[in-house]
Each structure stands twice: as C-alpha cells, then as structure tokens.
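As provided, protein-v2.csv (CSV, C-alpha atoms and all ligand atoms) reads as follows.
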chain,number,residue,atom,x,y,z
A,1,MET,CA,101.5,-18.1,26.2
A,2,THR,CA,97.7,-17.7,26.8
A,3,VAL,CA,96.2,-14.3,26.1
A,4,SER,CA,92.9,-13.3,27.7
A,5,VAL,CA,90.8,-11.0,25.7
A,6,ILE,CA,88.8,-8.6,27.9
A,7,PRO,CA,85.4,-8.1,26.3
A,8,PRO,CA,84.5,-4.6,25.0
A,9,ILE,CA,82.3,-2.6,27.3
A,10,ASP,CA,80.6,-0.5,24.8
A,11,THR,CA,78.9,-3.0,22.6
A,12,ALA,CA,76.4,-5.8,23.0
A,13,ALA,CA,78.2,-7.8,20.3
A,14,GLN,CA,80.9,-9.1,22.7
A,15,VAL,CA,83.1,-12.0,22.0
A,16,VAL,CA,84.8,-13.5,25.0
A,17,PRO,CA,87.2,-16.3,24.1
A,18,ALA,CA,87.0,-18.5,27.1
A,19,ALA,CA,88.5,-21.9,26.2
A,20,SER,CA,92.3,-22.1,25.6
A,21,GLU,CA,92.1,-24.4,22.6
A,22,PHE,CA,91.3,-21.6,20.1
A,23,ARG,CA,94.1,-19.4,21.3
A,24,GLU,CA,96.5,-21.8,19.5
A,25,PRO,CA,96.8,-21.5,15.8
A,26,PRO,CA,94.5,-24.1,14.3
A,27,ARG,CA,96.3,-27.3,13.2
A,28,GLU,CA,93.5,-28.1,10.7
A,29,ALA,CA,94.6,-25.4,8.3
A,30,TRP,CA,96.8,-24.8,5.2
A,31,TYR,CA,99.8,-22.6,6.0
A,32,CYS,CA,102.2,-20.8,3.6
A,33,ALA,CA,105.5,-22.7,3.7
A,34,LYS,CA,107.3,-21.0,0.9
A,35,SER,CA,106.6,-18.0,-1.3
A,36,LYS,CA,110.0,-16.7,-2.3
A,37,GLY,CA,112.1,-18.2,-5.1
A,38,ARG,CA,111.2,-21.3,-6.9
A,39,LEU,CA,112.0,-24.7,-5.6
A,40,ALA,CA,113.8,-26.4,-8.6
A,41,PRO,CA,113.3,-30.0,-9.4
A,42,GLY,CA,115.6,-32.0,-7.1
A,43,ALA,CA,115.7,-29.1,-4.5
A,44,ARG,CA,114.6,-29.4,-0.9
A,45,GLU,CA,114.7,-27.2,2.1
A,46,SER,CA,113.8,-27.3,5.8
A,47,VAL,CA,110.9,-25.3,7.1
A,48,THR,CA,109.2,-25.1,10.6
A,49,ILE,CA,105.5,-24.8,11.0
A,50,LEU,CA,103.6,-25.2,14.3
A,51,GLY,CA,106.9,-26.2,15.9
A,52,GLU,CA,107.3,-29.2,13.5
A,53,GLN,CA,110.4,-29.3,11.4
A,54,LEU,CA,109.5,-30.4,7.8
A,55,VAL,CA,111.4,-31.0,4.6
A,56,ILE,CA,109.7,-29.7,1.6
A,57,GLY,CA,111.0,-30.5,-1.9
A,58,ARG,CA,110.2,-30.8,-5.6
A,59,LYS,CA,110.4,-34.2,-7.3
A,60,ARG,CA,112.2,-34.6,-10.6
A,61,SER,CA,108.7,-34.9,-12.1
A,62,SER,CA,107.9,-31.4,-10.7
A,63,GLU,CA,105.3,-32.2,-7.9
A,64,VAL,CA,106.1,-30.9,-4.5
A,65,PHE,CA,106.1,-32.9,-1.3
A,66,ALA,CA,106.4,-32.4,2.5
A,67,LEU,CA,107.8,-34.9,5.0
A,68,ARG,CA,108.7,-34.7,8.7
A,69,ASP,CA,112.3,-33.6,8.7
A,70,ARG,CA,113.4,-36.4,11.0
A,71,CYS,CA,114.9,-39.7,10.2
A,72,PRO,CA,113.2,-42.4,12.3
A,73,HIS,CA,116.5,-44.2,12.9
A,74,ARG,CA,118.4,-41.6,15.1
A,75,GLY,CA,116.5,-38.4,14.3
A,76,ALA,CA,118.9,-36.8,11.8
A,77,PRO,CA,117.3,-34.2,9.5
A,78,LEU,CA,116.6,-35.6,6.0
A,79,SER,CA,116.8,-32.1,4.6
A,80,GLN,CA,120.6,-32.2,5.2
A,81,GLY,CA,121.2,-35.4,3.2
A,82,GLU,CA,121.2,-35.9,-0.6
A,83,PHE,CA,118.1,-35.7,-2.7
A,84,ASP,CA,118.2,-36.9,-6.3
A,85,GLY,CA,114.7,-35.8,-7.2
A,86,VAL,CA,113.3,-39.3,-6.4
A,87,ALA,CA,114.5,-40.2,-2.9
A,88,LEU,CA,116.1,-38.6,0.1
A,89,THR,CA,119.2,-40.1,1.7
A,90,CYS,CA,119.7,-39.6,5.4
A,91,PRO,CA,123.1,-37.9,6.1
A,92,PHE,CA,123.8,-40.2,9.2
A,93,HIS,CA,123.7,-43.8,8.0
A,94,GLY,CA,122.3,-43.5,4.5
A,95,TRP,CA,118.8,-44.8,4.8
A,96,ARG,CA,116.9,-43.9,1.7
A,97,PHE,CA,113.3,-42.6,1.8
A,98,GLY,CA,110.9,-42.0,-1.1
A,99,VAL,CA,109.1,-38.7,-1.2
A,100,ASP,CA,106.0,-40.5,0.1
A,101,GLY,CA,108.0,-41.2,3.3
A,102,GLN,CA,108.5,-44.9,2.6
A,103,CYS,CA,111.9,-46.2,3.6
A,104,LEU,CA,113.4,-47.8,0.4
A,105,ALA,CA,116.8,-49.0,1.6
A,106,MET,CA,119.1,-49.4,4.6
A,107,PRO,CA,122.5,-49.7,3.1
A,108,THR,CA,124.1,-51.1,6.2
A,109,LEU,CA,122.1,-54.3,5.9
A,110,VAL,CA,123.7,-57.4,4.3
A,111,HIS,CA,121.6,-59.0,1.5
A,112,ASP,CA,120.2,-61.8,3.7
A,113,ASP,CA,119.4,-59.7,6.8
A,114,ALA,CA,115.7,-60.3,7.5
A,115,THR,CA,115.0,-56.6,8.4
A,116,ASP,CA,112.4,-55.1,6.1
A,117,PRO,CA,112.9,-51.4,5.3
A,118,ALA,CA,109.3,-51.3,4.1
A,119,GLN,CA,108.2,-51.4,7.7
A,120,VAL,CA,109.7,-47.9,8.3
A,121,ARG,CA,108.0,-44.7,7.2
A,122,VAL,CA,108.5,-41.0,7.7
A,123,GLN,CA,105.2,-39.0,8.1
A,124,GLY,CA,104.2,-37.1,5.0
A,125,PHE,CA,101.9,-34.1,4.9
A,126,PRO,CA,99.4,-32.8,2.3
A,127,VAL,CA,101.0,-30.1,0.2
A,128,ARG,CA,99.7,-27.8,-2.5
A,129,GLU,CA,101.2,-25.3,-4.9
A,130,ALA,CA,99.3,-22.2,-6.2
A,131,ASP,CA,100.5,-18.9,-7.6
A,132,GLY,CA,104.1,-19.8,-6.8
A,133,ILE,CA,103.3,-20.5,-3.1
A,134,ILE,CA,103.7,-23.8,-1.4
A,135,TRP,CA,101.1,-24.6,1.2
A,136,VAL,CA,101.4,-27.4,3.8
A,137,TYR,CA,98.7,-29.0,6.0
A,138,LEU,CA,99.6,-30.5,9.3
A,139,GLY,CA,96.2,-31.7,10.5
A,140,SER,CA,94.2,-34.7,9.4
A,141,GLN,CA,91.0,-33.2,7.8
A,142,PRO,CA,92.1,-31.1,4.8
A,143,ALA,CA,88.7,-31.6,3.1
A,144,GLU,CA,86.9,-29.7,5.9
A,145,ALA,CA,89.4,-26.9,6.1
A,146,PRO,CA,89.4,-23.4,4.6
A,147,PRO,CA,90.8,-24.0,1.1
A,148,VAL,CA,94.2,-22.7,-0.2
A,149,PRO,CA,93.5,-19.2,-1.4
A,150,GLU,CA,93.4,-18.6,-5.1
A,151,LEU,CA,94.8,-15.2,-6.0
A,152,MET,CA,93.6,-15.4,-9.6
A,153,LEU,CA,94.4,-12.8,-12.2
A,154,GLN,CA,92.5,-12.6,-15.5
A,155,SER,CA,95.7,-12.5,-17.5
A,156,ALA,CA,99.4,-13.6,-17.0
A,157,PRO,CA,101.1,-11.8,-14.1
A,158,ARG,CA,103.4,-9.0,-15.1
A,159,CYS,CA,104.8,-8.4,-11.6
A,160,ARG,CA,105.2,-10.8,-8.7
A,161,VAL,CA,106.9,-9.7,-5.4
A,162,ALA,CA,107.1,-11.8,-2.3
A,163,VAL,CA,108.6,-10.7,0.9
A,164,SER,CA,108.5,-12.1,4.4
A,165,VAL,CA,109.6,-11.3,7.9
A,166,LEU,CA,109.9,-13.5,11.0
A,167,VAL,CA,108.2,-11.8,13.9
A,168,GLU,CA,109.0,-12.7,17.5
A,169,ALA,CA,105.3,-12.5,18.5
A,170,SER,CA,102.4,-14.9,18.9
A,171,TYR,CA,100.2,-16.0,16.0
A,172,ASP,CA,97.0,-14.2,17.2
A,173,LEU,CA,98.8,-10.9,17.7
A,174,CYS,CA,100.3,-11.1,14.2
A,175,VAL,CA,96.9,-12.1,12.6
A,176,LEU,CA,95.2,-9.2,14.4
A,177,SER,CA,97.6,-6.8,12.6
A,178,LEU,CA,96.1,-7.9,9.3
A,179,ILE,CA,92.6,-6.7,10.3
A,180,ASP,CA,93.5,-3.7,12.4
A,181,PRO,CA,92.5,-0.4,10.8
A,182,GLY,CA,93.6,1.6,13.8
A,183,HIS,CA,97.3,0.9,13.5
A,184,VAL,CA,97.7,2.0,9.9
A,185,GLY,CA,98.1,5.7,10.5
A,186,TYR,CA,100.5,5.2,13.4
A,187,VAL,CA,102.7,2.1,12.5
A,188,HIS,CA,102.6,2.8,8.7
A,189,ASN,CA,102.9,6.6,9.2
A,190,SER,CA,105.1,7.1,6.2
A,191,TRP,CA,105.2,10.1,3.8
A,192,TRP,CA,105.0,7.6,0.9
A,193,TRP,CA,101.9,5.8,2.2
A,194,ARG,CA,99.5,7.5,4.7
A,195,PRO,CA,100.6,10.2,7.1
A,196,THR,CA,98.8,10.1,10.5
A,197,ALA,CA,97.8,13.8,10.1
A,198,THR,CA,95.4,12.9,7.3
A,199,ALA,CA,93.2,10.5,9.3
A,200,ARG,CA,89.5,10.8,8.5
A,201,GLU,CA,86.3,8.9,9.2
A,202,LYS,CA,85.7,5.8,7.1
A,203,THR,CA,82.6,3.7,6.5
A,204,LYS,CA,83.1,0.1,5.3
A,205,ASP,CA,80.6,-2.6,4.5
A,206,PHE,CA,81.3,-6.2,5.5
A,207,VAL,CA,79.7,-9.5,4.4
A,208,PRO,CA,80.5,-13.0,5.7
A,209,LEU,CA,82.4,-15.5,3.5
A,210,PRO,CA,82.5,-19.2,4.1
A,211,PHE,CA,85.6,-19.0,6.3
A,212,GLY,CA,85.9,-15.3,6.9
A,213,PHE,CA,84.6,-11.9,5.9
A,214,ARG,CA,84.9,-9.4,3.1
A,215,MET,CA,85.2,-5.7,3.1
A,216,THR,CA,83.1,-5.1,0.0
A,217,ALA,CA,84.5,-3.3,-3.1
A,218,HIS,CA,84.8,0.5,-2.5
A,219,THR,CA,87.0,3.3,-3.9
A,220,ALA,CA,90.4,3.2,-2.2
A,221,ALA,CA,91.2,5.7,0.6
A,222,ALA,CA,91.9,9.2,-0.7
A,223,ASN,CA,94.4,9.9,2.1
A,224,SER,CA,96.8,7.1,0.9
A,225,ARG,CA,99.5,8.2,-1.5
A,226,GLY,CA,100.0,4.6,-2.6
A,227,TYR,CA,96.3,4.4,-3.8
A,228,ARG,CA,96.3,7.9,-5.3
A,229,LEU,CA,99.2,6.9,-7.6
A,230,LEU,CA,96.9,4.2,-9.1
A,231,GLY,CA,94.1,6.8,-9.7
A,232,ARG,CA,92.0,5.8,-6.6
A,233,PRO,CA,91.0,2.3,-7.9
A,234,GLN,CA,88.4,0.0,-6.5
A,235,THR,CA,89.5,-2.3,-3.7
A,236,GLN,CA,88.1,-5.3,-1.9
A,237,VAL,CA,89.6,-7.0,1.1
A,238,ASP,CA,89.0,-10.6,2.3
A,239,PHE,CA,90.0,-12.0,5.6
A,240,LEU,CA,90.1,-15.8,5.7
A,241,LEU,CA,90.9,-18.3,8.4
A,242,PRO,CA,93.5,-19.3,9.6
A,243,GLY,CA,95.2,-15.9,9.0
A,244,GLN,CA,95.0,-14.5,5.5
A,245,ARG,CA,94.3,-11.0,4.2
A,246,ILE,CA,93.7,-10.8,0.5
A,247,GLU,CA,93.2,-7.4,-1.1
A,248,ARG,CA,92.1,-7.2,-4.7
A,249,ILE,CA,92.6,-3.8,-6.3
A,250,THR,CA,91.0,-3.3,-9.7
A,251,VAL,CA,92.5,-0.8,-12.1
A,252,GLY,CA,90.4,-0.9,-15.2
A,253,LYS,CA,90.5,-4.4,-16.6
A,254,ARG,CA,93.6,-5.2,-14.5
A,255,THR,CA,94.1,-6.4,-11.0
A,256,ILE,CA,96.6,-6.1,-8.2
A,257,VAL,CA,96.3,-8.8,-5.6
A,258,ASN,CA,98.1,-7.9,-2.4
A,259,ALA,CA,98.0,-10.9,0.0
A,260,THR,CA,99.4,-11.3,3.5
A,261,PHE,CA,99.6,-14.7,5.2
A,262,ALA,CA,100.6,-15.5,8.8
A,263,THR,CA,102.4,-18.8,9.4
A,264,PRO,CA,102.9,-20.0,12.9
A,265,ILE,CA,106.5,-21.1,13.2
A,266,ASP,CA,106.2,-22.0,16.9
A,267,ALA,CA,104.6,-20.6,20.0
A,268,LYS,CA,106.7,-17.5,20.0
A,269,ARG,CA,107.4,-16.8,16.3
A,270,THR,CA,105.2,-16.0,13.3
A,271,LEU,CA,106.2,-15.6,9.7
A,272,LEU,CA,104.4,-12.8,7.9
A,273,THR,CA,104.5,-13.1,4.2
A,274,ASN,CA,103.4,-10.6,1.6
A,275,VAL,CA,102.8,-11.6,-2.0
A,276,LEU,CA,101.9,-9.0,-4.6
A,277,LEU,CA,100.7,-10.3,-8.0
A,278,SER,CA,99.6,-8.1,-10.8
A,279,ASP,CA,98.8,-8.2,-14.5
A,280,LEU,CA,99.0,-4.4,-14.7
A,281,PRO,CA,101.8,-3.8,-17.3
A,282,GLN,CA,102.9,-0.5,-15.6
A,283,LEU,CA,104.0,-2.5,-12.5
A,284,ALA,CA,106.4,-4.7,-14.5
A,285,PRO,CA,109.4,-2.4,-14.2
A,286,LEU,CA,108.5,-1.4,-10.6
A,287,ALA,CA,109.2,-4.8,-8.9
A,288,LEU,CA,112.3,-3.4,-7.0
A,289,PRO,CA,110.6,-0.3,-5.5
A,290,ILE,CA,107.5,-2.5,-4.7
A,291,ARG,CA,109.8,-5.0,-2.9
A,292,TRP,CA,111.4,-2.2,-0.9
A,293,ALA,CA,108.0,-0.7,0.1
A,294,ALA,CA,106.5,-4.1,1.0
A,295,SER,CA,109.6,-5.0,3.1
A,296,ALA,CA,109.4,-1.6,4.8
A,297,PHE,CA,105.7,-2.2,5.6
A,298,LEU,CA,106.4,-5.6,7.1
A,299,ARG,CA,109.3,-4.3,9.2
A,300,GLN,CA,107.1,-1.6,10.6
A,301,ASP,CA,104.6,-4.3,11.7
A,302,GLN,CA,107.4,-6.4,13.0
A,303,ASP,CA,108.8,-3.6,15.2
A,304,ILE,CA,105.5,-2.8,16.9
A,305,LEU,CA,104.3,-6.4,17.2
A,306,GLU,CA,107.6,-7.4,19.0
A,307,LEU,CA,107.2,-4.5,21.4
A,308,ALA,CA,103.5,-5.3,22.0
A,309,GLN,CA,104.4,-9.0,22.6
A,310,GLN,CA,106.7,-7.9,25.4
A,311,GLY,CA,103.8,-6.1,27.0
A,312,LEU,CA,101.6,-9.2,26.6
A,313,GLU,CA,104.3,-11.3,28.2
A,314,ARG,CA,104.1,-9.0,31.3
A,315,LYS,CA,100.3,-9.2,31.4
A,316,PRO,CA,98.6,-11.4,28.9
A,317,THR,CA,95.3,-9.5,28.3
A,318,MET,CA,94.1,-7.3,25.5
A,319,LEU,CA,91.0,-5.1,25.1
A,320,LEU,CA,88.8,-5.2,22.0
A,321,MET,CA,87.0,-1.8,21.9
A,322,GLY,CA,84.5,-0.3,19.6
A,323,GLN,CA,84.0,-0.7,15.9
A,324,ALA,CA,87.7,-0.4,15.1
A,325,ASP,CA,88.2,-3.6,17.0
A,326,ARG,CA,85.1,-5.4,15.7
A,327,LEU,CA,87.2,-7.3,13.1
A,328,ALA,CA,89.4,-8.6,15.9
A,329,GLN,CA,86.3,-9.8,17.7
A,330,TRP,CA,85.1,-11.5,14.5
A,331,TYR,CA,88.5,-13.2,14.2
A,332,PHE,CA,88.3,-14.7,17.6
A,333,ARG,CA,84.7,-15.8,17.1
A,334,LEU,CA,85.5,-17.5,13.7
A,335,LYS,CA,88.5,-19.2,15.3
A,336,ARG,CA,86.5,-20.4,18.3
A,337,ASP,CA,83.6,-21.8,16.1
A,338,TYR,CA,86.1,-23.4,13.7
A,339,ALA,CA,88.0,-25.1,16.5
A,340,THR,CA,84.6,-26.3,18.0
A,341,ALA,CA,83.5,-27.7,14.6
A,342,ARG,CA,86.8,-29.6,14.1
A,343,ARG,CA,86.8,-30.9,17.6
A,344,THR,CA,83.2,-32.1,17.4
A,345,GLY,CA,83.5,-33.3,13.8
A,346,THR,CA,80.6,-31.1,12.7
A,347,ALA,CA,80.4,-28.7,9.7
A,348,PHE,CA,81.6,-25.2,10.3
A,349,HIS,CA,79.0,-22.4,9.9
A,350,ASN,CA,80.0,-18.8,9.8
A,351,THR,CA,77.5,-17.0,12.1
A,352,LEU,CA,78.7,-13.5,11.2
A,353,ALA,CA,76.1,-11.2,9.6
A,354,PRO,CA,76.6,-8.3,7.2
A,355,GLU,CA,77.5,-5.2,9.0
A,356,ARG,CA,78.5,-1.6,8.3
A,357,LEU,CA,81.4,-0.4,10.4
A,358,ARG,CA,82.8,3.1,11.0
A,359,TRP,CA,86.2,4.2,12.3
A,360,ARG,CA,88.9,6.9,11.9
A,361,THR,CA,92.1,6.1,10.1
B,401,LIG,S1,119.8,-41.4,11.5
B,401,LIG,FE1,119.0,-41.6,9.5
B,401,LIG,S2,120.0,-43.4,8.8
B,401,LIG,FE2,120.6,-43.2,10.9
B,402,FE,FE,100.4,-3.3,9.5

Now that the file is in, can you turn its structure into structure tokens?
Ligand code: FES
Ligand SMILES: [Fe+2]
Amino acid sequence: MTVSVIPPIDTAAQVVPAASEFREPPREAWYCAKSKGRLAPGARESVTILGEQLVIGRKRSSEVFALRDRCPHRGAPLSQGEFDGVALTCPFHGWRFGVDGQCLAMPTLVHDDATDPAQVRVQGFPVREADGIIWVYLGSQPAEAPPVPELMLQSAPRCRVAVSVLVEASYDLCVLSLIDPGHVGYVHNSWWWRPTATAREKTKDFVPLPFGFRMTAHTAAANSRGYRLLGRPQTQVDFLLPGQRIERITVGKRTIVNATFATPIDAKRTLLTNVLLSDLPQLAPLALPIRWAASAFLRQDQDILELAQQGLERKPTMLLMGQADRLAQWYFRLKRDYATARRTGTAFHNTLAPERLRWRT
C-alpha cells in the first residue's frame, strides 16, 4: 500500500515524499534475519524478508549462509530437507546443493546421463554475523549500503536479551515508531517506565551520521523510572538506514546497548527486533525481567501500530507536524536520497544538518 505524507504546515523544512519508489523498504540494505537463539553447526531455518523465502544455516565449519529457499527443480523448500552441515538435500527428489547454491548431485540420474548438475544453481545472498545477529542482504550493491551495525561493548557481555514481534503493519509505519518521541508517554504509559502524567519539555541535539542521525549524549530522562534505576546515566541514540535505532547507555565504565531493528517480512508485515547487550555485571541476573519488559514494550508498539495500519488502509495519508515529527521527516528524506543514489549509481550524501529540537514527552 502506498502512503502519502502530507507536508507539515508550520515549518519551512518540509519533506514531501513524492515518488513511490522510496515508500518501499530499500532492497539495498542489510536486514536482521535472526537474533534469538544460536544457529548450531548443521542447523538451518526458513526466514522471509522482503517477500523472499530464504534458508539460512550454519555450515559445519561455523560460517553462516543464506540461499533462496526454493529448489529450482519443482520449487520445494530446501529448508525442509536434510542438511549435513555441508550440503542441503531437497525433500522432493533429493537434489543436493552446496551452501554456495551450486547443485552437486541429482540422484535420479543414471551414471552415463549427459545432464550436468553443475549447470543448476540456487541464488545465494550475502550474509553477516555480528553480536549474535545474522544479517542478510538481498540487493546487489552491499559495498555501497549502510553497514551492519556494530553494537560494540568494551568488555564481554554479561547480559544479552533478544525479543521480537511480528507486526501486521507496513515497514514505514513501524520504522517511524523507532523515532517517534510523541508516542512514548501514551503507548508506553506504564507505571514501570514513564507515566503520561509526567510529560515535560525536552531539548535534544542532533547531528548527522553517514547513513542517519544521532541524538547526542545527554543525561537520560528524569521522568523515566527505567533510567532512574540506573542512576540517570548518559544516553545517546543513533538512527540508521534502513530502520535501526541503537541506544547506548553509559553507566560509569560500562555500557548498555539497546537496539531495535525493523525487518520487512512482506508488504504487510514487519518484524520488530529488540536486542539488549550489556557488560554491566548488575544486569546479569536480570535477564528474565528485562526480557519481560522488552516484550511488553514491543507488544505495546504492536497493538497501536496494527490499529494505526487499519486507519492507513482506509485512507493512506499521514501528517508530519512540528518538531516532534521532524525525525520522521528526516527518515523520509534519507530514504528518498538513498533510493535516488542507488538508482542512479551515485554516492549517497546525507544532507541533514545539526539541529536542536524541542518537544514534550
Ligand atoms: S523439487 Fe527439489 S529435487 Fe525436485
Ligand atoms: Fe514504541
């Protein structure tokens, strides 16, 4: 579905996405394919990204791979066949494929059949693994794309929690929720996080990043119980294309990285993934309550995003108003400029300028 964005009427810095191309999630981007649980050597599973069914797996030698999950013979999913850590066997007629996609054997052929299995391939996709997250690239120019984010802790992680929720809403709507200060006090209006009644005026400084923007380091909100428990630490938040929010909270010499990634499953569904990593020893015994809170947070977003999506189905327009929606304008502008750069084969330049924004949350 195409969503029109009605430009704000109270600012000169309008962004009016006009072309339809950048309303789609970019294909030239790394997307989070798996964050929960470890893929053991010899394991594989099926994932869908941008409507493409893929099989991701781990070789016996420990590297990960991603292939189109479709046997070229009759279309059967290779993820449903056997995998011995070296090759996948199609469950339909037993064709074997290496993890580079090359067909290795067609067991129904007699030994002097002239057919050459080497002529058959399944498409493979670039894949990366970092911080326990598997990233897949479906486009053709990974060297030009925003890189896989590095969550980087100074010392070994003491706590890692990954949760995700499948939201029946478009990619853009879900990505906007990552950079939407206005919804926090309403959607995440929980006694344990930030009650709406405590809303106050905030001033935040932003600087551009190569593929996004940064809310510069500042002392965390005083009206958030979650931050107060940590003694009001310093926090810095990056937003990066295609749809990544990475918050770094500094507590003394330790760090909590709280990252949220949007993965477009298909035109109507988006996977929101939250990964929290920390080297703070106090968090080690708190993984269970952190998982509970992170899941509750994502479900709060899921509920409102699915309701809003229904409204957008009835009338596909949204308003971007005032400074609280400036980050949403920046998102559409970055996405448009990135789509143009990829289409024209030119280098992407972020044209955002540093800016101070004020809002109430
Ligand atoms: S469908 Fe895969 S071997 Fe026939
Ligand atoms: Fe949210």

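Using all atoms listed in the file, the smallest distance between any of A:Leu67, A:Cys174, A:Leu230, A:Met152 and Leu305 in chain A comes from A:Cys174.
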
Fewer than 6 positions away in the same chain doesn't count, so skip those; otherwise give me all residues within 8 Å of Ala324 in chain A, counting all atoms listed in the file, as a count of residues only.
-> 6

Produce a table with one row for each residue of chain A that has an atom at most 10 Å from any atom of ligand FE 402 (chain B), each row naming the nearest atom pair and its distance in Å at one decimal; use all atoms listed in the file; arrange rows by chain and rising residue number; format as a Markdown table.
| residue | atom | partner | partner_atom | distance |
| --- | --- | --- | --- | --- |
| A:Cys174 | CA | B:FE402 | FE | 9.1 |
| A:Val175 | CA | B:FE402 | FE | 10.0 |
| A:Leu176 | CA | B:FE402 | FE | 9.3 |
| A:Ser177 | CA | B:FE402 | FE | 5.4 |
| A:Leu178 | CA | B:FE402 | FE | 6.3 |
| A:Ile179 | CA | B:FE402 | FE | 8.5 |
| A:Asp180 | CA | B:FE402 | FE | 7.5 |
| A:Pro181 | CA | B:FE402 | FE | 8.5 |
| A:Gly182 | CA | B:FE402 | FE | 9.4 |
| A:His183 | CA | B:FE402 | FE | 6.6 |
| A:Val184 | CA | B:FE402 | FE | 6.0 |
| A:Gly185 | CA | B:FE402 | FE | 9.3 |
| A:Tyr186 | CA | B:FE402 | FE | 9.4 |
| A:Val187 | CA | B:FE402 | FE | 6.6 |
| A:His188 | CA | B:FE402 | FE | 6.5 |
| A:Phe297 | CA | B:FE402 | FE | 6.7 |
| A:Leu298 | CA | B:FE402 | FE | 6.9 |
| A:Arg299 | CA | B:FE402 | FE | 9.0 |
| A:Gln300 | CA | B:FE402 | FE | 7.0 |
| A:Asp301 | CA | B:FE402 | FE | 4.8 |
| A:Gln302 | CA | B:FE402 | FE | 8.4 |
| A:Ile304 | CA | B:FE402 | FE | 9.0 |
| A:Leu305 | CA | B:FE402 | FE | 9.2 |

Test item: residues lying within 9 Å of ligand LIG 401 (chain B) with all atoms listed in the file, as an mmCIF file with C-alpha atoms, keeping the file's coordinate frame:
data_model
loop_
_atom_site.group_PDB
_atom_site.id
_atom_site.type_symbol
_atom_site.label_atom_id
_atom_site.label_comp_id
_atom_site.auth_asym_id
_atom_site.auth_seq_id
_atom_site.Cartn_x
_atom_site.Cartn_y
_atom_site.Cartn_z
ATOM 1 C CA ARG A 70 113.400 -36.400 11.000
ATOM 2 C CA CYS A 71 114.900 -39.700 10.200
ATOM 3 C CA PRO A 72 113.200 -42.400 12.300
ATOM 4 C CA HIS A 73 116.500 -44.200 12.900
ATOM 5 C CA ARG A 74 118.400 -41.600 15.100
ATOM 6 C CA GLY A 75 116.500 -38.400 14.300
ATOM 7 C CA ALA A 76 118.900 -36.800 11.800
ATOM 8 C CA PRO A 77 117.300 -34.200 9.500
ATOM 9 C CA LEU A 78 116.600 -35.600 6.000
ATOM 10 C CA THR A 89 119.200 -40.100 1.700
ATOM 11 C CA CYS A 90 119.700 -39.600 5.400
ATOM 12 C CA PRO A 91 123.100 -37.900 6.100
ATOM 13 C CA PHE A 92 123.800 -40.200 9.200
ATOM 14 C CA HIS A 93 123.700 -43.800 8.000
ATOM 15 C CA GLY A 94 122.300 -43.500 4.500
ATOM 16 C CA TRP A 95 118.800 -44.800 4.800
ATOM 17 C CA ARG A 96 116.900 -43.900 1.700
ATOM 18 C CA MET A 106 119.100 -49.400 4.600
ATOM 19 C CA PRO A 107 122.500 -49.700 3.100
#

Interatomic distance between CA of Val120 in chain A and CA of Ser62 in chain A?
-> 25.2 Å

For Gln310 in chain A, which of A:Ala43, A:Leu173, A:Val237, A:Ile133 is the closest residue, counting only C-alpha atoms?
->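 Smallest separation from Gln310 in chain A among the options: A:Leu173.
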
Give me, please, the distance in Å between CA of Leu320 in chain A and CA of Leu50 in chain A, quoted to one decimal.
->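 Separating CA of Leu320 in chain A from CA of Leu50 in chain A is a distance of 26.0 Å.
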
Considering all atoms listed in the file, return as a PyMOL selection string whatever protein or nucleic-acid residues lie within 7 Å of Thr255 in chain A, sequence-local ones (same chain, fewer than 4 positions apart) excluded.
-> chain A and resi 153+248-251+278-280

What is the distance between CA of Lys204 in chain A and CA of Met321 in chain A, in Å to one decimal?
-> 17.2 Å

With only C-alpha atoms as the basis for distance, which of A:Arg128, A:Pro142, A:Lys202, A:Glu24 is at the shortest distance from Gly51 in chain A?
->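 Counting only C-alpha atoms, the residue closest to Gly51 in chain A is A:Glu24.
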
Closest to Glu52 in chain A among A:Gln236, A:Gln123, A:Thr361, A:Gln323, using all atoms listed in the file?
-> A:Gln123

Find, counting all atoms listed in the file, the residue in A:His111, A:Lys34, A:Arg228, A:Arg160 that gets nearest to Asn258 in chain A.
-> A:Arg160
